[in-house]
>>> print(open('upload-v4.csv').read())   # CSV, C-alpha atoms
chain,number,residue,atom,x,y,z
A,277,MET,CA,35.8,-15.7,10.6
A,278,SER,CA,34.9,-16.6,7.0
A,279,ALA,CA,36.2,-19.5,5.0
A,280,ALA,CA,38.0,-17.1,2.7
A,281,ALA,CA,41.8,-17.4,2.8
A,282,PRO,CA,43.4,-14.6,4.9
A,283,MET,CA,46.4,-12.5,4.0
A,284,ALA,CA,49.7,-14.2,3.8
A,285,ALA,CA,51.8,-14.1,7.0
A,286,THR,CA,55.5,-13.2,7.1
A,287,GLY,CA,58.0,-16.0,7.5
A,288,PRO,CA,60.2,-16.7,10.5
A,289,PRO,CA,63.6,-15.2,11.1
A,290,ALA,CA,66.5,-17.0,9.3
A,291,GLY,CA,67.3,-20.3,11.0
A,292,TRP,CA,64.0,-20.8,12.8
A,293,PRO,CA,61.4,-23.3,11.5
A,294,ASP,CA,58.1,-22.3,9.8
A,295,ILE,CA,55.5,-24.7,11.3
A,296,ALA,CA,51.9,-25.2,10.1
A,297,MET,CA,49.4,-26.7,12.5
A,298,VAL,CA,45.8,-27.7,12.6
A,299,ALA,CA,43.9,-28.4,15.8
A,300,GLY,CA,40.2,-29.1,15.4
A,301,GLU,CA,38.5,-28.7,18.7
A,302,THR,CA,38.9,-27.7,22.3
A,303,SER,CA,40.9,-30.8,23.4
A,304,GLY,CA,43.1,-30.5,20.3
A,305,ASP,CA,43.7,-26.8,21.0
A,306,LEU,CA,44.8,-27.7,24.6
A,307,LEU,CA,47.2,-30.4,23.3
A,308,ALA,CA,48.6,-28.1,20.6
A,309,GLY,CA,49.1,-25.3,23.1
A,310,LEU,CA,51.3,-27.6,25.3
A,311,LEU,CA,53.2,-28.7,22.2
A,312,LEU,CA,53.8,-25.1,21.2
A,313,ASP,CA,55.3,-24.5,24.6
A,314,GLY,CA,57.9,-27.1,23.9
A,315,MET,CA,58.6,-25.9,20.4
A,316,ARG,CA,58.8,-22.3,21.4
A,317,SER,CA,61.3,-23.0,24.1
A,318,ARG,CA,63.5,-24.8,21.5
A,319,TRP,CA,62.9,-22.3,18.7
A,320,PRO,CA,61.9,-18.9,20.1
A,321,GLY,CA,61.8,-17.3,16.7
A,322,MET,CA,59.7,-19.9,15.0
A,323,VAL,CA,56.4,-19.1,13.1
A,324,ALA,CA,53.4,-21.3,13.8
A,325,ALA,CA,50.1,-20.8,11.9
A,326,GLY,CA,47.1,-22.6,10.5
A,327,ILE,CA,43.9,-23.6,12.4
A,328,GLY,CA,43.8,-23.2,16.1
A,329,GLY,CA,41.9,-22.0,19.2
A,330,ALA,CA,42.4,-19.8,22.2
A,331,GLN,CA,45.1,-21.9,23.9
A,332,MET,CA,47.2,-21.8,20.7
A,333,GLN,CA,46.7,-18.1,20.1
A,334,THR,CA,48.0,-17.3,23.6
A,335,ARG,CA,51.2,-18.9,22.4
A,336,ALA,CA,51.6,-16.5,19.5
A,337,PHE,CA,49.9,-18.9,17.0
A,338,ASP,CA,48.5,-17.2,13.9
A,339,ALA,CA,45.0,-18.7,13.6
A,340,TRP,CA,43.9,-18.3,10.0
A,341,TRP,CA,40.6,-20.1,11.0
A,342,PRO,CA,39.3,-20.9,14.5
A,343,SER,CA,39.4,-24.5,15.6
A,344,GLU,CA,35.7,-24.3,16.3
A,345,LYS,CA,35.1,-24.6,12.6
A,346,LEU,CA,36.1,-28.2,12.7
A,347,ALA,CA,34.5,-29.1,16.0
A,348,VAL,CA,31.9,-31.6,14.6
A,349,ARG,CA,31.5,-35.3,15.5
A,350,GLY,CA,29.4,-37.9,13.9
A,351,TYR,CA,28.8,-38.9,10.3
A,352,VAL,CA,25.5,-37.1,9.8
A,353,GLU,CA,26.6,-34.1,11.8
A,354,VAL,CA,29.7,-33.7,9.5
A,355,LEU,CA,27.5,-33.8,6.4
A,356,TRP,CA,25.6,-30.7,7.7
A,357,HIS,CA,28.9,-28.8,7.8
A,358,TYR,CA,30.7,-30.7,4.9
A,359,ARG,CA,30.7,-27.9,2.4
A,360,GLU,CA,32.3,-25.3,4.8
A,361,ILE,CA,34.8,-27.8,6.1
A,362,THR,CA,36.0,-28.9,2.7
A,363,GLN,CA,36.2,-25.3,1.5
A,364,ILE,CA,38.5,-24.5,4.5
A,365,ARG,CA,40.6,-27.6,3.8
A,366,ASP,CA,41.0,-26.7,0.1
A,367,ARG,CA,42.0,-23.2,0.9
A,368,LEU,CA,44.4,-24.2,3.5
A,369,ARG,CA,45.9,-26.9,1.3
A,370,LEU,CA,46.4,-24.3,-1.5
A,371,ARG,CA,48.0,-21.8,0.9
A,372,LEU,CA,50.4,-24.4,2.3
A,373,LEU,CA,51.4,-25.6,-1.1
A,374,GLN,CA,52.1,-22.1,-2.3
A,375,ASN,CA,53.9,-21.0,0.9
A,376,ARG,CA,55.5,-24.3,2.0
A,377,PRO,CA,56.2,-24.7,5.7
A,378,ASP,CA,59.1,-26.7,7.0
A,379,ILE,CA,56.7,-29.2,8.6
A,380,PHE,CA,53.0,-29.7,9.1
A,381,VAL,CA,51.7,-31.0,12.4
A,382,GLY,CA,48.1,-32.2,12.5
A,383,VAL,CA,46.8,-32.3,16.1
A,384,ASP,CA,44.0,-34.8,16.4
A,385,ALA,CA,41.1,-34.1,14.0
A,386,PRO,CA,42.1,-37.2,11.9
A,387,ASP,CA,39.4,-36.9,9.3
A,388,PHE,CA,40.5,-33.4,8.4
A,389,ASN,CA,44.2,-33.8,9.0
A,390,LEU,CA,45.0,-37.1,7.3
A,391,ASP,CA,43.5,-36.0,4.0
A,392,LEU,CA,45.4,-32.8,4.2
A,393,GLU,CA,48.6,-34.6,5.1
A,394,TRP,CA,48.2,-37.0,2.2
A,395,ASP,CA,48.5,-34.1,-0.3
A,396,LEU,CA,51.2,-32.3,1.6
A,397,LYS,CA,53.3,-35.4,1.9
A,398,ARG,CA,53.0,-36.1,-1.8
A,399,SER,CA,54.3,-32.6,-2.5
A,400,GLY,CA,57.4,-33.2,-0.3
A,401,ILE,CA,56.3,-31.4,2.9
A,402,LYS,CA,57.1,-33.3,6.1
A,403,THR,CA,54.0,-34.3,8.0
A,404,VAL,CA,53.5,-35.3,11.6
A,405,GLN,CA,50.2,-36.5,13.2
A,406,PHE,CA,50.1,-35.6,16.9
A,407,VAL,CA,47.7,-38.1,18.5
A,408,CYS,CA,47.2,-41.5,17.0
A,409,PRO,CA,43.6,-41.9,15.8
A,410,SER,CA,41.8,-44.6,17.9
A,411,VAL,CA,42.5,-47.4,15.4
A,412,TRP,CA,42.8,-49.8,18.3
A,413,ALA,CA,39.2,-49.0,19.3
A,414,TRP,CA,37.4,-48.5,16.0
A,415,ARG,CA,38.0,-47.8,12.3
A,416,ALA,CA,41.1,-49.9,11.8
A,417,ASP,CA,40.8,-49.1,8.1
A,418,ARG,CA,42.5,-45.8,8.9
A,419,LEU,CA,45.9,-47.5,9.3
A,420,GLU,CA,46.5,-47.6,5.5
A,421,ARG,CA,45.5,-43.9,5.3
A,422,MET,CA,47.8,-43.1,8.1
A,423,ARG,CA,50.7,-44.8,6.4
A,424,ASP,CA,50.2,-42.8,3.2
A,425,SER,CA,49.6,-39.5,5.0
A,426,ALA,CA,51.6,-39.2,8.2
A,427,GLY,CA,55.4,-39.2,8.0
A,428,HIS,CA,55.5,-39.7,11.7
A,429,VAL,CA,52.9,-40.2,14.5
A,430,LEU,CA,53.4,-38.8,18.1
A,431,CYS,CA,51.5,-41.2,20.3
A,432,LEU,CA,49.9,-40.4,23.7
A,433,PHE,CA,49.5,-44.0,24.9
A,434,PRO,CA,52.4,-46.5,25.4
A,435,PHE,CA,50.8,-49.4,23.4
A,436,GLU,CA,50.3,-47.4,20.2
A,437,PRO,CA,53.8,-47.3,18.6
A,438,ALA,CA,54.2,-51.1,18.4
A,439,LEU,CA,50.8,-51.3,16.7
A,440,LEU,CA,51.8,-48.6,14.2
A,441,HIS,CA,55.2,-50.1,13.6
A,442,ARG,CA,53.6,-53.4,12.6
A,443,HIS,CA,51.8,-51.5,9.8
A,444,GLY,CA,54.9,-49.6,8.6
A,445,ILE,CA,54.1,-46.3,10.3
A,446,PRO,CA,56.9,-44.5,12.1
A,447,ALA,CA,55.8,-43.5,15.6
A,448,THR,CA,57.1,-42.3,19.0
A,449,TYR,CA,55.5,-42.5,22.4
A,450,VAL,CA,55.6,-39.0,24.0
A,451,GLY,CA,53.2,-39.6,26.9
A,452,HIS,CA,50.0,-37.7,27.5
A,453,PRO,CA,50.6,-33.9,28.1
A,454,LEU,CA,47.6,-33.7,30.4
A,455,ALA,CA,49.3,-36.0,32.8
A,456,GLY,CA,51.9,-33.3,33.3
A,457,VAL,CA,49.4,-30.5,33.6
A,458,ILE,CA,47.1,-32.1,36.1
A,459,PRO,CA,48.7,-32.6,39.5
A,460,ILE,CA,49.1,-36.0,41.0
A,461,HIS,CA,47.2,-34.9,44.0
A,462,ALA,CA,44.6,-32.2,43.2
A,463,ASP,CA,43.6,-29.8,46.0
A,464,LYS,CA,39.9,-30.3,46.2
A,465,LEU,CA,39.4,-27.9,49.1
A,466,ALA,CA,41.3,-25.1,47.3
A,467,ALA,CA,39.2,-25.7,44.2
A,468,ARG,CA,36.0,-25.6,46.2
A,469,GLN,CA,37.0,-22.4,47.9
A,470,THR,CA,37.7,-20.8,44.5
A,471,LEU,CA,34.2,-21.8,43.3
A,472,GLY,CA,32.5,-20.7,46.5
A,473,LEU,CA,31.7,-24.2,47.6
A,474,TYR,CA,31.9,-25.6,51.1
A,475,PRO,CA,34.1,-28.5,52.1
A,476,GLU,CA,31.1,-30.6,53.2
A,477,ASP,CA,29.1,-30.0,50.0
A,478,GLU,CA,28.1,-32.9,47.8
A,479,VAL,CA,29.3,-31.7,44.3
A,480,VAL,CA,28.6,-33.1,40.9
A,481,ALA,CA,30.5,-31.7,37.8
A,482,ILE,CA,28.4,-31.9,34.7
A,483,LEU,CA,30.4,-31.9,31.4
A,484,PRO,CA,28.1,-32.4,28.4
A,485,GLY,CA,30.8,-31.9,25.8
A,486,SER,CA,32.6,-29.1,24.0
A,487,ARG,CA,30.8,-29.3,20.7
A,488,ARG,CA,27.4,-27.8,19.9
A,489,SER,CA,26.2,-31.2,18.6
A,490,GLU,CA,27.2,-32.8,21.9
A,491,ILE,CA,25.3,-30.2,23.9
A,492,GLN,CA,22.3,-30.7,21.6
A,493,TYR,CA,22.1,-34.5,22.2
A,494,LEU,CA,23.4,-34.7,25.8
A,495,ALA,CA,22.7,-31.6,27.9
A,496,ARG,CA,19.0,-32.2,28.4
A,497,ARG,CA,19.6,-35.8,29.5
A,498,PHE,CA,22.2,-34.6,31.9
A,499,PHE,CA,20.1,-31.9,33.4
A,500,ASP,CA,17.1,-34.1,33.7
A,501,ALA,CA,19.3,-36.6,35.6
A,502,ALA,CA,20.5,-33.7,37.8
A,503,ALA,CA,16.8,-32.8,38.5
A,504,GLN,CA,16.3,-36.4,39.7
A,505,LEU,CA,19.4,-36.2,41.9
A,506,LYS,CA,18.2,-32.9,43.3
A,507,ARG,CA,14.9,-34.4,44.4
A,508,ALA,CA,16.7,-37.3,46.1
A,509,ARG,CA,19.5,-35.1,47.6
A,510,PRO,CA,18.2,-31.6,48.1
A,511,SER,CA,21.5,-30.1,49.2
A,512,ILE,CA,23.5,-31.4,46.2
A,513,ARG,CA,25.4,-28.8,44.1
A,514,PHE,CA,26.0,-28.9,40.3
A,515,ILE,CA,28.9,-27.2,38.5
A,516,VAL,CA,28.9,-27.0,34.7
A,517,PRO,CA,32.1,-25.7,33.0
A,518,ALA,CA,31.3,-24.4,29.5
A,519,ILE,CA,33.3,-22.8,26.7
A,520,PRO,CA,32.0,-19.2,26.3
A,521,SER,CA,30.4,-19.7,22.9
A,522,LEU,CA,28.1,-22.5,24.3
A,523,GLU,CA,27.2,-20.9,27.7
A,524,SER,CA,23.9,-19.4,26.5
A,525,MET,CA,22.9,-22.7,24.8
A,526,ILE,CA,23.6,-24.6,28.0
A,527,ALA,CA,21.7,-22.1,30.1
A,528,ARG,CA,18.6,-22.4,27.9
A,529,ILE,CA,18.6,-26.2,28.2
A,530,ALA,CA,19.1,-26.0,31.9
A,531,GLN,CA,16.2,-23.6,32.2
A,532,GLY,CA,14.0,-25.9,30.1
A,533,ALA,CA,14.8,-28.8,32.4
A,534,GLY,CA,13.7,-26.7,35.4
A,535,MET,CA,17.3,-26.5,36.7
A,536,GLY,CA,18.2,-23.0,35.7
A,537,ARG,CA,18.6,-21.9,39.4
A,538,ASP,CA,20.2,-25.1,40.6
A,539,ILE,CA,23.0,-25.4,38.0
A,540,ARG,CA,26.0,-23.1,38.2
A,541,ILE,CA,27.6,-22.5,34.8
A,542,VAL,CA,31.3,-21.4,34.9
A,543,ALA,CA,33.2,-20.1,31.8
A,544,GLY,CA,35.8,-22.7,31.0
A,545,GLN,CA,37.5,-23.9,34.2
A,546,SER,CA,36.8,-27.6,33.5
A,547,HIS,CA,39.9,-28.6,35.5
A,548,LEU,CA,38.7,-26.5,38.5
A,549,ALA,CA,35.3,-28.2,38.3
A,550,LEU,CA,36.9,-31.6,38.2
A,551,ALA,CA,39.2,-30.9,41.1
A,552,ALA,CA,36.3,-29.6,43.2
A,553,CYS,CA,33.7,-32.4,42.5
A,554,ASP,CA,32.9,-35.7,44.1
A,555,VAL,CA,31.6,-37.3,40.9
A,556,THR,CA,31.3,-36.1,37.3
A,557,LEU,CA,28.6,-36.8,34.8
A,558,ILE,CA,30.6,-36.5,31.6
A,559,ALA,CA,30.4,-36.9,27.8
A,560,SER,CA,32.7,-39.5,26.3
A,561,GLY,CA,35.9,-38.0,25.0
A,562,THR,CA,39.2,-36.5,26.2
A,563,ALA,CA,37.5,-35.0,29.2
A,564,THR,CA,37.0,-38.5,30.6
A,565,LEU,CA,40.8,-38.9,30.7
A,566,GLU,CA,41.1,-35.5,32.4
A,567,ALA,CA,38.6,-36.7,35.0
A,568,ALA,CA,40.6,-39.9,35.5
A,569,LEU,CA,43.8,-37.9,36.0
A,570,PHE,CA,42.0,-35.9,38.7
A,571,LYS,CA,41.1,-39.3,40.3
A,572,ARG,CA,37.4,-38.6,40.1
A,573,PRO,CA,34.7,-41.2,39.7
A,574,MET,CA,32.5,-40.6,36.7
A,575,VAL,CA,29.5,-41.7,34.8
A,576,ILE,CA,30.2,-41.6,31.0
A,577,ALA,CA,27.5,-41.1,28.5
A,578,TYR,CA,27.1,-40.4,24.8
A,579,ASN,CA,24.3,-39.8,22.4
A,580,MET,CA,24.3,-38.8,18.8
A,581,HIS,CA,22.1,-38.8,15.6
A,582,TRP,CA,20.8,-42.3,15.2
A,583,ALA,CA,22.3,-42.8,11.8
A,584,SER,CA,25.8,-41.8,13.0
A,585,TRP,CA,25.4,-44.2,15.9
A,586,LYS,CA,24.4,-47.1,13.6
A,587,ILE,CA,27.6,-46.6,11.5
A,588,MET,CA,29.9,-46.1,14.5
A,589,ARG,CA,28.6,-49.1,16.3
A,590,ARG,CA,29.5,-51.4,13.4
A,591,LYS,CA,33.1,-50.1,13.4
A,592,ARG,CA,33.8,-50.6,17.1
A,593,LEU,CA,36.6,-53.1,17.9
A,594,GLN,CA,36.3,-53.0,21.8
A,595,PRO,CA,33.5,-53.2,24.3
A,596,TRP,CA,34.6,-49.8,25.8
A,597,VAL,CA,34.1,-46.3,24.6
A,598,GLY,CA,35.4,-44.2,27.5
A,599,LEU,CA,39.2,-43.7,27.6
A,600,PRO,CA,39.5,-44.7,31.3
A,601,ASN,CA,37.9,-48.0,30.5
A,602,ILE,CA,39.9,-48.5,27.3
A,603,LEU,CA,43.2,-47.8,29.1
A,604,CYS,CA,42.3,-50.0,32.1
A,605,ARG,CA,40.9,-52.7,29.8
A,606,GLU,CA,37.8,-53.1,31.9
A,607,PHE,CA,34.6,-51.2,32.9
A,608,VAL,CA,36.1,-49.4,35.9
A,609,VAL,CA,33.4,-46.7,35.4
A,610,PRO,CA,29.9,-47.1,33.9
A,611,GLU,CA,29.1,-46.1,30.3
A,612,PHE,CA,25.6,-45.3,29.0
A,613,LEU,CA,25.5,-45.0,25.3
A,614,GLN,CA,22.7,-43.8,23.0
A,615,ASP,CA,19.2,-45.1,24.2
A,616,SER,CA,20.7,-46.4,27.4
A,617,ALA,CA,21.7,-42.9,28.4
A,618,THR,CA,18.4,-42.2,30.1
A,619,PRO,CA,18.1,-39.5,32.9
A,620,ALA,CA,17.0,-42.2,35.4
A,621,ALA,CA,20.0,-44.5,34.6
A,622,LEU,CA,22.5,-41.6,34.8
A,623,ALA,CA,21.1,-40.3,38.1
A,624,ASP,CA,21.1,-43.8,39.6
A,625,ALA,CA,24.8,-44.4,38.5
A,626,VAL,CA,25.9,-41.0,40.0
A,627,GLY,CA,24.0,-41.8,43.2
A,628,GLN,CA,25.7,-45.1,43.5
A,629,TRP,CA,29.1,-43.4,43.4
A,630,LEU,CA,28.1,-40.9,46.0
A,631,ASP,CA,27.0,-43.8,48.3
A,632,ALA,CA,30.2,-45.9,47.9
A,633,PRO,CA,33.3,-44.3,49.4
A,634,GLU,CA,35.2,-47.6,49.4
A,635,ARG,CA,34.6,-48.1,45.7
A,636,ILE,CA,35.8,-44.5,45.0
A,637,GLU,CA,39.0,-45.1,47.0
A,638,ALA,CA,39.8,-48.3,45.0
A,639,LEU,CA,39.2,-46.4,41.7
A,640,GLN,CA,41.5,-43.5,42.8
A,641,HIS,CA,44.3,-46.0,43.3
A,642,ARG,CA,43.7,-47.4,39.8
A,643,PHE,CA,43.7,-43.9,38.3
A,644,ALA,CA,46.9,-43.0,40.2
A,645,SER,CA,48.7,-45.9,38.5
A,646,LEU,CA,47.3,-44.8,35.1
A,647,HIS,CA,48.6,-41.2,35.8
A,648,ALA,CA,52.1,-42.5,36.5
A,649,GLU,CA,52.1,-44.5,33.3
A,650,LEU,CA,51.1,-41.5,31.1
A,651,LEU,CA,53.4,-39.0,32.8
A,652,ARG,CA,56.3,-38.0,30.6
A,653,ASP,CA,57.9,-34.7,29.5
A,654,THR,CA,55.6,-34.6,26.5
A,655,PRO,CA,56.4,-31.1,25.1
A,656,ARG,CA,60.1,-32.0,25.2
A,657,LEU,CA,59.8,-35.5,23.8
A,658,ALA,CA,57.5,-34.3,21.0
A,659,THR,CA,59.8,-31.4,20.1
A,660,ASP,CA,62.8,-33.8,20.1
A,661,ALA,CA,60.9,-36.0,17.6
A,662,ILE,CA,59.9,-33.0,15.4
A,663,GLU,CA,63.5,-31.7,15.5
A,664,LYS,CA,64.8,-35.1,14.3
A,665,ILE,CA,62.3,-35.1,11.4
A,666,LEU,CA,63.3,-31.6,10.4
A,667,SER,CA,66.9,-32.6,10.3
A,668,ASP,CA,66.4,-35.8,8.2
>>> encode(input="upload-v4.csv", output="structure tokens")
Amino acid sequence: MSAAAPMAATGPPAGWPDIAMVAGETSGDLLAGLLLDGMRSRWPGMVAAGIGGAQMQTRAFDAWWPSEKLAVRGYVEVLWHYREITQIRDRLRLRLLQNRPDIFVGVDAPDFNLDLEWDLKRSGIKTVQFVCPSVWAWRADRLERMRDSAGHVLCLFPFEPALLHRHGIPATYVGHPLAGVIPIHADKLAARQTLGLYPEDEVVAILPGSRRSEIQYLARRFFDAAAQLKRARPSIRFIVPAIPSLESMIARIAQGAGMGRDIRIVAGQSHLALAACDVTLIASGTATLEAALFKRPMVIAYNMHWASWKIMRRKRLQPWVGLPNILCREFVVPEFLQDSATPAALADAVGQWLDAPERIEALQHRFASLHAELLRDTPRLATDAIEKILSD
């Protein structure tokens, strides 16, 4: 879809809200889809439109642009797409100011959404940011921008509202919607049967990210690590869930690593892969929280353009990058960042998990407690907060 503004949509029936939304990547699309479920049950005749992905579109969301257009991470990587992204934001801003929604909900994607919300809020449009940016982990300077941009923040983690309140930012804890989607006890055997795996198989799920830039920087390292594991453990099985638009790219990289025949790529189905696996080798991001909710041990890695890494490293406020470690406040799972994310190090860390069932059992208990803490009726609580904002 081009960056040109599409035709104007018709408004909602009388009495139903007109809601504009932006979700900027696969994880944001998933969160926004769950939020749409809650809002649609409250307001069946509402209209929701803006930028979104497949999950949102299955909920009758009118995607003027696809969320993949905003799926870029890293300072240098954003510069490569800067012109197109700013054109989309400018056209979206103009459309929303001309055809004013009752409320705007930005789902994650803070660099895009906070700037847009700043303009909308100044014009009198109510703004909500769903997912607090990780100001407690890095880029604390965003707090001032949030205060000026977001009329209200819906927080996924219980410690966030108090932090935001101290900075004059209204906020509500709504729990993490993934905690309600992912079962407390995932059925590993059923997942394996669906994927054609045997109960006794040793299975590693490889998740190198949902962005093209992540695949570019991480996939070869992950597949080289898989090759080393395959030599040490000939019967090991590898499952790689991939969004459809990146399947061919992932397959080429696997082939280049000599693992084309040993790695099974499945379209989407990341939850099925996590339910089925013994261990996951995974890119830092929301997927690591999903792995924790499935109670799976993991090895977290990340790599990006060296200039982006240099900038981000200076802005870090905590020693952890992976969400499970941040939430548990310690290194419960290993992290390998930038140059430390070597195939040998990754393969060794995965092998250590496979050889330590007692360590896995202890981790599963820790993740079960985390799951209980995050489990709330997120769609309802978020919709309650949005309804209150609409009525103010």
>>> residues_around(input="upload-v4.csv", residues="Val626 of chain A", least_positions_apart="5", cutoff="8 Å", atoms="only C-alpha atoms", output="list in words")
Val555, Thr556, Leu557, Met574 and Val575 of chain A
>>> write_last_selection(input="upload-v4.csv", atoms="C-alpha atoms", output="PDB file, keeping the file's coordinate frame")
ATOM      1  CA  VAL A 555      31.600 -37.300  40.900  1.00  0.00           C
ATOM      2  CA  THR A 556      31.300 -36.100  37.300  1.00  0.00           C
ATOM      3  CA  LEU A 557      28.600 -36.800  34.800  1.00  0.00           C
ATOM      4  CA  MET A 574      32.500 -40.600  36.700  1.00  0.00           C
ATOM      5  CA  VAL A 575      29.500 -41.700  34.800  1.00  0.00           C
TER       6      VAL A 575
END
>>> closest_atom_pairs(input="upload-v4.csv", of="segment 460-579 of chain A", to="segment 630-641 of chain A", cutoff="10 Å", atoms="all atoms listed in the file", output="Markdown table")
| residue | atom | partner | partner_atom | distance |
| --- | --- | --- | --- | --- |
| A:Glu478 | CA | A:Leu630 | CA | 8.2 |
| A:Val479 | CA | A:Leu630 | CA | 9.4 |
| A:Val480 | CA | A:Leu630 | CA | 9.3 |
| A:Asp554 | CA | A:Leu630 | CA | 7.3 |
| A:Val555 | CA | A:Leu630 | CA | 7.2 |
| A:Ala568 | CA | A:Gln640 | CA | 8.2 |
| A:Leu569 | CA | A:Gln640 | CA | 9.1 |
| A:Phe570 | CA | A:Gln640 | CA | 8.6 |
| A:Lys571 | CA | A:Gln640 | CA | 4.9 |
| A:Arg572 | CA | A:Gln640 | CA | 6.9 |
| A:Pro573 | CA | A:Ile636 | CA | 6.3 |
| A:Met574 | CA | A:Ile636 | CA | 9.7 |
>>> closest_residue(input="upload-v4.csv", among="A:Ala661, A:Ala644, A:Val381, A:Val450", to="Gly328 of chain A", atoms="all atoms listed in the file")
A:Val381
>>> atom_distance(input="upload-v4.csv", atom1="atom CA of Phe514 of chain A", atom2="atom CA of Thr302 of chain A")
22.2 Å
>>> residues_around(input="upload-v4.csv", residues="Ile445 of chain A", least_positions_apart="4", cutoff="8 Å", atoms="all atoms listed in the file", output="list in words")
Met422, Arg423, Ala426, Gly427, His428, Val429, Leu440 and His441 of chain A
>>> closest_atom_pairs(input="upload-v4.csv", of="segment 452-513 of chain A", to="segment 612-622 of chain A", cutoff="12 Å", atoms="all atoms listed in the file", output="JSON lines")
{"residue": "A:Ile482", "atom": "CA", "partner": "A:Leu622", "partner_atom": "CA", "distance": 11.4}
{"residue": "A:Glu490", "atom": "CA", "partner": "A:Gln614", "partner_atom": "CA", "distance": 11.9}
{"residue": "A:Tyr493", "atom": "CA", "partner": "A:Gln614", "partner_atom": "CA", "distance": 9.4}
{"residue": "A:Leu494", "atom": "CA", "partner": "A:Ala617", "partner_atom": "CA", "distance": 8.8}
{"residue": "A:Ala495", "atom": "CA", "partner": "A:Pro619", "partner_atom": "CA", "distance": 10.4}
{"residue": "A:Arg496", "atom": "CA", "partner": "A:Pro619", "partner_atom": "CA", "distance": 8.6}
{"residue": "A:Arg497", "atom": "CA", "partner": "A:Pro619", "partner_atom": "CA", "distance": 5.2}
{"residue": "A:Phe498", "atom": "CA", "partner": "A:Pro619", "partner_atom": "CA", "distance": 6.5}
{"residue": "A:Phe499", "atom": "CA", "partner": "A:Pro619", "partner_atom": "CA", "distance": 7.9}
{"residue": "A:Asp500", "atom": "CA", "partner": "A:Pro619", "partner_atom": "CA", "distance": 5.5}
{"residue": "A:Ala501", "atom": "CA", "partner": "A:Pro619", "partner_atom": "CA", "distance": 4.1}
{"residue": "A:Ala502", "atom": "CA", "partner": "A:Pro619", "partner_atom": "CA", "distance": 8.0}
{"residue": "A:Ala503", "atom": "CA", "partner": "A:Pro619", "partner_atom": "CA", "distance": 8.8}
{"residue": "A:Gln504", "atom": "CA", "partner": "A:Ala620", "partner_atom": "CA", "distance": 7.3}
{"residue": "A:Leu505", "atom": "CA", "partner": "A:Ala620", "partner_atom": "CA", "distance": 9.2}
{"residue": "A:Ala508", "atom": "CA", "partner": "A:Ala620", "partner_atom": "CA", "distance": 11.8}
